[in-house]
>>> print(open('start03.tsv').read())   # TSV, C-alpha atoms and all ligand atoms
chain	number	residue	atom	x	y	z
K	1	MET	CA	101.86	110.12	83.24
K	2	ILE	CA	100.25	113.56	83.56
K	3	PRO	CA	99.80	114.17	79.78
K	4	VAL	CA	98.28	110.69	79.52
K	5	TRP	CA	95.84	111.48	82.35
K	6	ASP	CA	94.95	114.85	80.80
K	7	ASP	CA	94.25	113.21	77.40
K	8	ALA	CA	92.06	110.63	79.12
K	9	VAL	CA	90.11	113.34	80.97
K	10	ARG	CA	89.17	114.88	77.60
K	11	GLU	CA	87.73	111.49	76.56
K	12	TRP	CA	85.91	111.02	79.90
K	13	ASN	CA	84.27	114.37	79.31
K	14	THR	CA	82.31	112.94	76.37
K	15	ALA	CA	82.08	109.35	77.57
K	16	GLY	CA	79.00	109.70	79.77
K	17	GLN	CA	79.83	107.37	82.65
K	18	VAL	CA	83.37	106.37	83.58
K	19	VAL	CA	84.45	103.85	86.23
K	20	LEU	CA	87.50	105.53	87.78
K	21	PHE	CA	89.22	102.32	88.90
K	22	ASP	CA	89.17	100.90	85.36
K	23	ALA	CA	89.91	104.21	83.68
K	24	ALA	CA	92.87	104.89	86.00
K	25	SER	CA	94.25	101.40	85.33
K	26	VAL	CA	94.29	102.20	81.60
K	27	VAL	CA	95.93	105.61	82.16
K	28	LEU	CA	98.60	104.04	84.38
K	29	THR	CA	99.24	101.20	81.90
K	30	ARG	CA	99.58	103.61	78.97
K	31	GLY	CA	101.78	105.98	81.00
K	32	VAL	CA	104.14	103.41	82.48
K	33	CYS	CA	104.52	101.55	79.15
K	34	ARG	CA	105.34	104.81	77.36
K	35	TRP	CA	107.91	105.61	80.03
K	36	ALA	CA	109.38	102.08	79.95
K	37	GLY	CA	109.59	102.03	76.13
K	38	VAL	CA	107.09	99.16	75.79
K	39	PRO	CA	105.17	99.51	72.53
K	40	LEU	CA	101.37	99.12	72.64
K	41	ASP	CA	99.10	98.81	69.62
K	42	GLU	CA	96.40	101.30	70.63
K	43	GLY	CA	94.29	100.52	67.54
K	44	ALA	CA	94.10	96.86	68.56
K	45	GLY	CA	93.03	97.70	72.11
K	46	GLU	CA	96.30	96.38	73.55
K	47	THR	CA	96.43	98.97	76.33
K	48	GLU	CA	93.00	98.05	77.69
K	49	HIS	CA	93.77	94.35	77.37
K	50	LEU	CA	97.10	94.68	79.19
K	51	ALA	CA	95.50	96.89	81.88
K	52	ARG	CA	92.85	94.23	82.53
K	53	ASP	CA	95.46	91.49	82.82
K	54	LEU	CA	97.70	93.55	85.15
K	55	VAL	CA	94.75	94.35	87.41
K	56	ALA	CA	93.76	90.66	87.40
K	57	MET	CA	97.29	89.70	88.50
K	58	VAL	CA	97.25	92.12	91.45
K	59	ASP	CA	93.66	91.23	92.30
K	60	GLY	CA	94.49	87.53	92.61
K	61	PHE	CA	97.61	87.88	94.78
K	62	ALA	CA	96.14	86.62	98.06
K	63	THR	CA	93.08	84.59	97.21
K	64	ALA	CA	92.02	81.11	96.16
K	65	GLY	CA	89.26	80.39	93.66
K	66	PRO	CA	88.29	82.16	90.42
K	67	ARG	CA	90.27	85.35	91.05
K	68	HIS	CA	93.42	83.30	91.61
K	69	TRP	CA	92.93	81.35	88.38
K	70	ARG	CA	92.14	84.54	86.45
K	71	ALA	CA	95.41	85.98	87.79
K	72	ARG	CA	97.38	82.90	86.69
K	73	ARG	CA	95.93	82.99	83.18
K	74	ALA	CA	96.64	86.73	82.92
K	75	ARG	CA	100.21	86.22	84.14
K	76	GLY	CA	100.81	83.38	81.64
K	77	ARG	CA	99.44	85.47	78.74
K	78	GLN	CA	101.50	88.54	79.55
K	79	GLU	CA	104.71	86.66	80.36
K	80	GLU	CA	104.41	85.03	76.92
K	81	ARG	CA	103.75	88.36	75.23
K	82	PHE	CA	106.63	90.12	77.02
K	83	THR	CA	108.99	87.18	76.29
K	84	ARG	CA	108.21	87.64	72.58
K	85	LEU	CA	108.85	91.37	72.95
K	86	VAL	CA	112.30	90.73	74.49
K	87	GLU	CA	113.14	88.33	71.65
K	88	ASP	CA	111.93	90.87	69.07
K	89	VAL	CA	114.08	93.63	70.58
K	90	ARG	CA	117.13	91.39	70.64
K	91	SER	CA	116.65	90.31	67.01
K	92	GLY	CA	116.12	93.93	65.91
K	93	ARG	CA	112.47	93.42	64.84
K	94	VAL	CA	111.37	95.96	67.50
K	95	ALA	CA	113.37	99.05	68.49
K	96	ALA	CA	113.78	99.77	72.22
K	97	PRO	CA	114.22	103.51	72.91
K	98	GLU	CA	117.76	104.32	74.11
K	99	GLY	CA	117.89	104.59	77.92
K	100	SER	CA	114.49	102.92	78.40
K	101	VAL	CA	113.64	100.15	80.88
K	102	LEU	CA	112.93	97.90	77.90
K	103	ALA	CA	116.43	98.47	76.46
K	104	ALA	CA	118.08	98.00	79.87
K	105	VAL	CA	116.28	94.72	80.59
K	106	CYS	CA	116.89	93.32	77.10
K	107	ARG	CA	120.64	94.08	77.28
K	108	HIS	CA	121.17	93.06	80.90
K	109	ARG	CA	123.66	90.23	81.43
K	110	GLU	CA	123.97	87.71	84.26
K	111	ALA	CA	127.23	87.50	86.27
K	112	THR	CA	128.19	84.70	83.83
K	113	GLY	CA	128.08	87.20	80.94
K	114	ASP	CA	124.97	85.58	79.41
K	115	LEU	CA	121.95	87.69	78.50
K	116	LEU	CA	119.01	87.21	80.86
K	117	HIS	CA	116.77	84.36	79.74
K	118	PRO	CA	113.97	86.02	77.69
K	119	HIS	CA	111.34	84.77	80.16
K	120	THR	CA	113.28	86.19	83.14
K	121	ALA	CA	113.64	89.51	81.30
K	122	ALA	CA	109.88	89.49	80.64
K	123	VAL	CA	109.15	88.89	84.35
K	124	GLU	CA	111.47	91.78	85.28
K	125	LEU	CA	109.64	94.11	82.88
K	126	LEU	CA	106.30	93.05	84.35
K	127	ASN	CA	107.69	93.61	87.86
K	128	VAL	CA	108.03	97.31	87.00
K	129	ILE	CA	104.79	97.73	85.04
K	130	ARG	CA	102.37	95.68	87.16
K	131	PRO	CA	102.84	97.37	90.56
K	132	THR	CA	102.74	100.81	88.93
K	133	VAL	CA	99.31	99.98	87.54
K	134	ALA	CA	98.24	98.83	91.04
K	135	VAL	CA	98.22	102.52	92.00
K	136	CYS	CA	94.71	102.54	90.40
K	137	TRP	CA	93.50	101.03	93.71
K	138	PHE	CA	94.66	104.19	95.48
K	139	VAL	CA	93.12	106.43	92.81
K	140	ALA	CA	89.72	104.83	93.52
K	141	TYR	CA	90.31	105.23	97.29
K	142	THR	CA	91.17	108.89	96.66
K	143	ALA	CA	87.90	109.41	94.81
K	144	HIS	CA	86.10	107.72	97.72
K	145	ALA	CA	87.76	110.06	100.24
K	146	LEU	CA	87.00	113.16	98.16
K	147	HIS	CA	83.38	112.06	97.88
K	148	LEU	CA	82.86	111.46	101.60
K	149	GLN	CA	84.71	114.64	102.58
K	150	PRO	CA	84.15	117.29	99.90
K	151	ASN	CA	86.20	119.81	101.92
K	152	GLN	CA	89.29	117.71	101.05
K	153	ARG	CA	88.77	118.59	97.39
K	154	GLU	CA	88.89	122.29	98.24
K	155	ARG	CA	92.03	121.85	100.35
K	156	LEU	CA	93.80	120.04	97.51
K	157	ARG	CA	92.71	122.64	94.98
K	158	GLY	CA	94.51	125.20	97.13
K	159	GLY	CA	97.76	123.71	95.74
K	160	ASP	CA	99.59	123.41	99.11
K	161	THR	CA	102.19	120.72	98.43
K	162	ALA	CA	102.64	119.81	102.11
K	163	TYR	CA	98.89	119.22	102.41
K	164	THR	CA	98.87	117.11	99.23
K	165	ALA	CA	101.64	114.93	100.66
K	166	ALA	CA	99.72	114.60	103.95
K	167	PHE	CA	96.52	113.70	102.07
K	168	VAL	CA	98.31	110.94	100.14
K	169	HIS	CA	99.79	109.48	103.34
K	170	GLU	CA	96.33	109.50	104.88
K	171	VAL	CA	94.83	107.67	101.88
K	172	ARG	CA	97.55	105.03	102.18
K	173	ARG	CA	97.03	104.78	105.96
K	174	PHE	CA	93.25	104.80	106.05
K	175	TYR	CA	92.34	102.49	103.19
K	176	PRO	CA	93.05	98.75	103.46
K	177	PHE	CA	94.99	97.64	100.36
K	178	ALA	CA	96.90	94.70	101.89
K	179	PRO	CA	95.67	94.03	105.47
K	180	PHE	CA	98.66	91.88	106.40
K	181	LEU	CA	101.92	90.50	105.03
K	182	GLY	CA	103.32	87.05	105.70
K	183	GLY	CA	106.84	85.67	105.84
K	184	LEU	CA	108.58	82.48	106.99
K	185	ALA	CA	111.25	82.76	109.71
K	186	VAL	CA	114.47	81.55	108.05
K	187	ARG	CA	116.10	80.74	111.41
K	188	ASP	CA	115.22	80.50	115.10
K	189	LEU	CA	114.86	84.00	116.50
K	190	SER	CA	113.18	85.97	119.20
K	191	TRP	CA	111.09	89.13	118.78
K	192	ARG	CA	110.69	91.20	121.95
K	193	GLY	CA	111.07	88.08	124.04
K	194	VAL	CA	108.69	85.95	121.94
K	195	PRO	CA	110.50	82.91	120.49
K	196	VAL	CA	109.93	82.38	116.75
K	197	PRO	CA	111.16	78.98	115.52
K	198	ALA	CA	112.64	78.57	112.02
K	199	GLY	CA	109.90	77.86	109.49
K	200	ALA	CA	107.15	79.62	111.49
K	201	MET	CA	104.82	81.85	109.50
K	202	VAL	CA	104.98	85.41	110.84
K	203	LEU	CA	102.29	87.92	109.94
K	204	LEU	CA	102.80	91.68	109.90
K	205	ASP	CA	99.46	93.24	110.83
K	206	VAL	CA	99.50	96.15	108.36
K	207	PHE	CA	95.91	97.25	108.92
K	208	GLY	CA	96.28	96.94	112.71
K	209	GLN	CA	99.44	99.06	112.70
K	210	ASN	CA	97.93	101.71	110.41
K	211	HIS	CA	94.85	101.85	112.70
K	212	ASP	CA	96.56	101.54	116.08
K	213	GLU	CA	94.80	103.91	118.46
K	214	GLU	CA	97.96	104.50	120.49
K	215	LEU	CA	99.81	105.69	117.41
K	216	TRP	CA	97.09	107.60	115.61
K	217	GLY	CA	94.62	108.65	118.31
K	218	ASP	CA	91.56	108.70	116.04
K	219	PRO	CA	92.52	106.00	113.50
K	220	TYR	CA	89.05	105.62	111.95
K	221	VAL	CA	88.80	109.32	111.10
K	222	PHE	CA	90.17	110.40	107.70
K	223	ARG	CA	92.31	113.34	108.77
K	224	PRO	CA	95.36	114.28	106.63
K	225	GLU	CA	96.34	117.01	109.13
K	226	ARG	CA	97.80	114.31	111.40
K	227	PHE	CA	100.74	114.11	108.97
K	228	LEU	CA	101.28	117.87	109.21
K	229	GLU	CA	101.31	117.70	113.01
K	230	HIS	CA	104.28	115.34	113.14
K	231	ALA	CA	106.73	113.73	110.71
K	232	VAL	CA	106.04	110.06	109.90
K	233	GLU	CA	108.53	107.66	111.45
K	234	ARG	CA	109.82	104.95	109.15
K	235	ASP	CA	107.91	102.09	110.81
K	236	GLU	CA	104.76	103.95	111.85
K	237	LEU	CA	103.04	104.03	108.47
K	238	ILE	CA	103.50	100.69	106.72
K	239	PRO	CA	100.98	100.24	103.86
K	240	GLN	CA	103.86	99.02	101.68
K	241	GLY	CA	105.75	97.05	104.31
K	242	GLY	CA	108.07	97.96	107.19
K	243	GLY	CA	111.84	98.26	107.64
K	244	GLU	CA	114.22	99.27	104.86
K	245	PRO	CA	113.77	98.38	101.18
K	246	ARG	CA	117.55	98.00	100.77
K	247	THR	CA	117.99	95.42	103.51
K	248	GLY	CA	114.49	93.89	103.79
K	249	HIS	CA	111.39	93.45	101.65
K	250	ARG	CA	109.71	96.82	102.14
K	251	CYS	CA	108.32	98.01	98.81
K	252	PRO	CA	111.09	99.73	96.84
K	253	GLY	CA	108.37	101.44	94.78
K	254	GLU	CA	106.92	103.35	97.75
K	255	GLY	CA	108.43	106.70	96.75
K	256	LEU	CA	107.19	106.21	93.21
K	257	THR	CA	103.70	105.33	94.47
K	258	ILE	CA	103.62	108.47	96.64
K	259	GLY	CA	104.84	110.71	93.79
K	260	LEU	CA	102.32	109.28	91.34
K	261	LEU	CA	99.49	109.54	93.80
K	262	GLU	CA	100.33	113.13	94.72
K	263	ALA	CA	100.14	114.08	91.04
K	264	LEU	CA	96.95	112.10	90.38
K	265	ALA	CA	95.15	113.15	93.58
K	266	LEU	CA	95.66	116.78	92.57
K	267	ARG	CA	94.39	116.03	89.08
K	268	LEU	CA	91.35	114.23	90.45
K	269	ALA	CA	90.59	117.03	92.89
K	270	GLY	CA	90.77	119.44	89.94
K	271	LEU	CA	87.82	117.70	88.29
K	272	ASP	CA	84.12	118.23	88.77
K	273	TYR	CA	81.81	115.27	88.19
K	274	THR	CA	78.57	113.81	89.41
K	275	VAL	CA	78.53	110.60	91.40
K	276	PRO	CA	75.56	108.38	90.49
K	277	ASP	CA	73.98	105.97	93.00
K	278	GLN	CA	76.28	102.97	93.38
K	279	ASP	CA	77.75	100.56	95.90
K	280	LEU	CA	80.65	102.46	97.49
K	281	ARG	CA	81.28	99.92	100.23
K	282	ILE	CA	84.79	98.53	100.75
K	283	SER	CA	84.78	95.05	102.23
K	284	LEU	CA	87.61	94.29	104.63
K	285	ARG	CA	87.13	90.62	103.80
K	286	ARG	CA	88.33	91.11	100.24
K	287	ILE	CA	92.10	91.19	99.60
K	288	PRO	CA	93.08	93.50	98.05
K	289	ALA	CA	90.13	95.58	99.25
K	290	ARG	CA	88.34	97.50	96.51
K	291	VAL	CA	85.59	100.12	96.25
K	292	ARG	CA	82.84	97.75	95.15
K	293	SER	CA	81.52	99.80	92.22
K	294	GLY	CA	85.02	100.87	91.13
K	295	PHE	CA	83.73	104.44	91.68
K	296	ALA	CA	81.62	105.49	88.72
K	297	VAL	CA	81.41	109.18	87.76
K	298	ARG	CA	79.45	111.12	85.14
K	299	ASP	CA	79.79	114.48	83.38
K	300	VAL	CA	83.50	114.79	84.08
K	301	ARG	CA	84.93	118.25	83.48
K	302	VAL	CA	88.01	120.18	84.53
K	303	ALA	CA	87.07	122.68	87.21
K	304	SER	CA	90.34	124.16	88.24
K	305	LYS	CA	92.97	125.16	85.67
K	306	ARG	CA	95.25	126.16	88.54
K	307	THR	CA	95.42	122.58	89.87
K	308	LEU	CA	96.23	121.29	86.39
K	309	THR	CA	99.33	123.47	86.17
K	310	ALA	CA	100.38	123.02	89.81
K	311	VAL	CA	102.24	119.70	89.31
L	1	LIG	C1	99.62	100.31	94.91
L	1	LIG	C2	100.90	100.56	95.11
L	1	LIG	C3	101.78	99.58	95.81
L	1	LIG	C4	101.53	98.83	96.93
L	1	LIG	C5	100.27	98.83	97.81
L	1	LIG	C6	102.70	98.03	97.17
L	1	LIG	C7	102.84	97.17	98.23
L	1	LIG	C8	103.91	96.35	98.42
L	1	LIG	C9	104.06	95.45	99.54
L	1	LIG	C10	103.05	95.31	100.67
L	1	LIG	C11	105.22	94.77	99.35
L	1	LIG	C12	105.80	93.70	100.28
L	1	LIG	C13	106.52	94.34	101.43
L	1	LIG	C14	107.02	93.34	102.45
L	1	LIG	O1	106.96	92.12	102.24
L	1	LIG	O2	107.48	93.80	103.49
L	1	LIG	C15	105.81	95.24	98.12
L	1	LIG	C16	106.98	94.75	97.58
L	1	LIG	C17	107.50	95.16	96.38
L	1	LIG	N1	107.05	96.20	95.60
L	1	LIG	FE1	105.41	97.33	95.94
L	1	LIG	N2	103.63	98.27	96.19
L	1	LIG	C18	103.12	99.21	95.34
L	1	LIG	C19	103.73	99.80	94.26
L	1	LIG	C20	104.97	99.41	93.78
L	1	LIG	C21	105.64	100.04	92.67
L	1	LIG	C22	105.12	101.26	91.92
L	1	LIG	C23	106.78	99.32	92.44
L	1	LIG	C24	107.86	99.51	91.42
L	1	LIG	C25	107.63	99.97	90.19
L	1	LIG	C26	106.82	98.24	93.42
L	1	LIG	C27	107.80	97.28	93.51
L	1	LIG	C28	107.87	96.33	94.51
L	1	LIG	C29	108.89	95.27	94.56
L	1	LIG	C30	110.01	95.03	93.53
L	1	LIG	C31	108.66	94.56	95.75
L	1	LIG	C32	109.44	93.34	96.27
L	1	LIG	C33	110.45	93.81	97.31
L	1	LIG	C34	111.23	92.64	97.90
L	1	LIG	O3	110.68	91.54	98.08
L	1	LIG	O4	112.41	92.83	98.21
L	1	LIG	N3	105.71	98.34	94.21
L	1	LIG	N4	105.02	96.21	97.57
>>> encode(input="start03.tsv", output="structure tokens", more="lines below")
Ligand code: HEM
Amino acid sequence: MIPVWDDAVREWNTAGQVVLFDAASVVLTRGVCRWAGVPLDEGAGETEHLARDLVAMVDGFATAGPRHWRARRARGRQEERFTRLVEDVRSGRVAAPEGSVLAAVCRHREATGDLLHPHTAAVELLNVIRPTVAVCWFVAYTAHALHLQPNQRERLRGGDTAYTAAFVHEVRRFYPFAPFLGGLAVRDLSWRGVPVPAGAMVLLDVFGQNHDEELWGDPYVFRPERFLEHAVERDELIPQGGGEPRTGHRCPGEGLTIGLLEALALRLAGLDYTVPDQDLRISLRRIPARVRSGFAVRDVRVASKRTLTAV
């Protein structure tokens, strides 16, 4: 991912204005597809097209109306494209690199011994690629945090890995990606004395938990140091769900998200750029919440060679 980011930065340098949300979505799409062995026709603009569709799918996950329909169209298009890719790999028309996600998914067999249905295999591939590209939301939040608190940029440039990890936790705590998660009770149960009948919709208040004054003290202050002062308990910080990924539905990609964001936050902090006038508000009414302008920057240049070699 890092070489892909560094190549992109060279292009941003001459591009004039760049919207970081969009640009990061393209970097993440190119990087994750390269890693997963998924071929992209760069000349035909396939990376940008796929990035747009993946963002549309994430953007429409909890909404009705135009964004929802855009997400469904994007999903249909990409499931069709990835189904063709699986068929092409299996028939030998396209080579899947040995050991890649693409090869593994195309060869995977059900318990019955049958190969996965091509559409199921396509969905599995998208289930790896799509959420990785969603990290572009956090890249835009990171830019927002660095803009409002320029001292954070200096701290990150110092290359202290513990601080970088704390910064990334604070971005994930502070900014509202998914404000709540819903689930249906599969059986009658009771939670701390409150009866929950089977079929009841239960909401996990993610934003409330990540901004609980009793837990965080000053929840509306962006302060990475809080994560240096004490270790995070499993169910304190829950931007990607609570509990255990192995036994529940907590995001199994959380470690990956943190690793990616640590690398990209350092890269971003290692850049100098100007921030033109724009709408930097983040509405809590929008799910998933987004920096309204996508965070536009101009005159991007690498400021700190040290940060670029630190990861
Ligand atoms: C922007 C970064 C990400 C965010 C905000 C995010 C958030 C979430 C949330 C909130 C859930 C539901 C948790 C629950 O219901 O308790 C989830 C589930 C899931 N995530 Fe992520 N995720 C991200 C990145 C990733 C990545 C990088 C991957 C893997 C490549 C991934 C794979 C999954 C999968 C497979 C599930 C379903 C788990 C299940 O239902 O058992 N996610 N994610």
>>> residues_near_ligand(input="start03.tsv", ligand="ligand LIG 1 (chain L)", cutoff="7 Å", atoms="all atoms listed in the file", output="PyMOL selection string")
chain K and resi 127-129+131-132+134-135+137-138+177-178+181+239-242+245+248-254+256-257
>>> closest_residue(input="start03.tsv", among="K:Leu125, K:Val202, K:Ala74, K:Cys136", to="Gly294 in chain K", atoms="only C-alpha atoms")
K:Cys136
>>> residues_around(input="start03.tsv", residues="Ala62 in chain K", least_positions_apart="6", cutoff="12 Å", atoms="only C-alpha atoms", output="PyMOL selection string")
chain K and resi 56+68-69+71+177-182+285-289
>>> residues_around(input="start03.tsv", residues="range 156-172 of chain K", least_positions_apart="2", cutoff="10 Å", atoms="all atoms listed in the file", output="VMD selection string")
chain K and resid 138 to 139 141 to 142 144 to 146 151 to 154 174 to 177 210 221 to 229 231 to 232 237 to 240 257 to 271 303 to 311
>>> atom_distance(input="start03.tsv", atom1="CA of Val32 in chain K", atom2="CA of Arg130 in chain K")
9.2 Å
>>> atom_distance(input="start03.tsv", atom1="CA of Ala36 in chain K", atom2="CA of His49 in chain K")
17.6 Å
>>> closest_residue(input="start03.tsv", among="K:Glu80, K:Val9, K:Leu203, K:Arg34", to="Ser100 in chain K", atoms="all atoms listed in the file")
K:Arg34
>>> atom_distance(input="start03.tsv", atom1="CA of Asn13 in chain K", atom2="CA of Val275 in chain K")
13.9 Å
>>> closest_residue(input="start03.tsv", among="K:Gln149, K:Gln78, K:Thr47, K:Ser91", to="Cys106 in chain K", atoms="only C-alpha atoms")
K:Ser91
>>> residues_near_point(input="start03.tsv", point="(84.5, 102.9, 98.9)", cutoff="6 Å", atoms="only C-alpha atoms", output="JSON, numbers by chain")
{"K": [144, 280, 281, 282, 291]}
>>> closest_residue(input="start03.tsv", among="K:Arg77, K:Arg67, K:Arg30, K:Arg301", to="Asp53 in chain K", atoms="all atoms listed in the file")
K:Arg77
